[in-house]
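J.: Sharing a structure here in structure tokens format.
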Amino acid sequence: MGEYSSKLKRQVALLTVFAHREAIKSFNVIRKNVPNITLRTLERDIKELNEAGFMDVKYYKTDRIWHGEVYIPDKAPEMSLKRRKDFDNLVHFEYILFTMKSLEFDEVDNALYKLHQYQEMYEWWEEDDKYGPEPKYDKADLNEDISADKAYFRIFPNATKADFEKDVRFLCDIGYPIEYSEELNVYYTNYPEQLIA
């Protein structure tokens, strides 16, 4: 996957790993998805994320795997001012990550297919001297309000376009390519459906 130079990127990547409910999360699987993480760092990150209320993950010694739930809180958990700074940032990026999961490539691909099909039929209709009924555009059921940029500015109403672009770069750096469809005027992502195993 991408670059994990910062603690923040690493912990967001870990949240994503543990969000995969069906996956078996051994140390080898985690390390393949979050490169260069050590066992000690993993244990410390899990402890911090558990204490902050983002997940409840435990180590099962007999199976040598980690398992648990990831939570998406409505607001930052209560904690000391000393520790809040890192976790305010983490709440911010966790919201972005899971909001962008809402508008996935499959939905956009389906909408583009319907649009192109309509455009092709319309061209044939025009070439045929508009014989027969005019083709109708059966627009895909695509909720453009959940385009990543619109969702982002609903969550962060005081953010700027530069903030959005910075956070998009952050997510791209850790392996979540966010793309823009000019035809549909939406931002979308390919949220990883499977872990590298």
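Chain identifiers are assigned as A, B, and so on, following the order in which chains appear in the structure tokens; residues are numbered from 1 within each chain, and ligands are numbered from 1 in order of appearance.
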If you run DSSP on the backbone, which residues of stretch 97-176 of chain A are helix (DSSP H, G or I), as a PyMOL selection string?
T.: chain A and resi 97-100+105-127+144-146+148-155+161-173
J.: So, with only C-alpha atoms as the atoms that count, which of A:Leu42, A:Ile24, A:Leu14, A:Leu142 lies closest to A:Phe105?
T.: A:Leu142
J.: Quick check, in Å to one decimal: how far apart do atom CA of A:Ala140 and atom CA of A:Leu115 lie?
T.: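 Value for the atom CA of A:Ala140-atom CA of A:Leu115 distance: 8.0 Å.
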J.: Tell me which of A:Val108, A:Ile96, A:Trp124, A:Tyr188 sits closest to A:Asp167, counting only C-alpha atoms.
T.: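 Using only C-alpha atoms, A:Asp167 sits closest to A:Ile96.
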J.: Please provide as a list of chain:residue names all residues within 10 Å of A:Met55, with the sequence filter that same-chain residues fewer than 3 positions apart are discarded (counting only C-alpha atoms).
T.: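 The neighbour list is A:Leu15, A:Phe18, A:Ala19, A:Ile46, A:Lys47, A:Glu48, A:Leu49, A:Asn50, A:Glu51, A:Ala52, A:Lys58, A:Gly68, A:Glu69, A:Val70, A:Tyr71, A:Ile72, A:Pro73.
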J.: Residues within 9 Å of stretch 178-183 of chain A, please, as a PyMOL selection string. Count only C-alpha atoms; anything in the same chain fewer than 2 positions from it doesn't count.
T.: chain A and resi 100+108+112+115+148+168-169+171-172+176+185-190
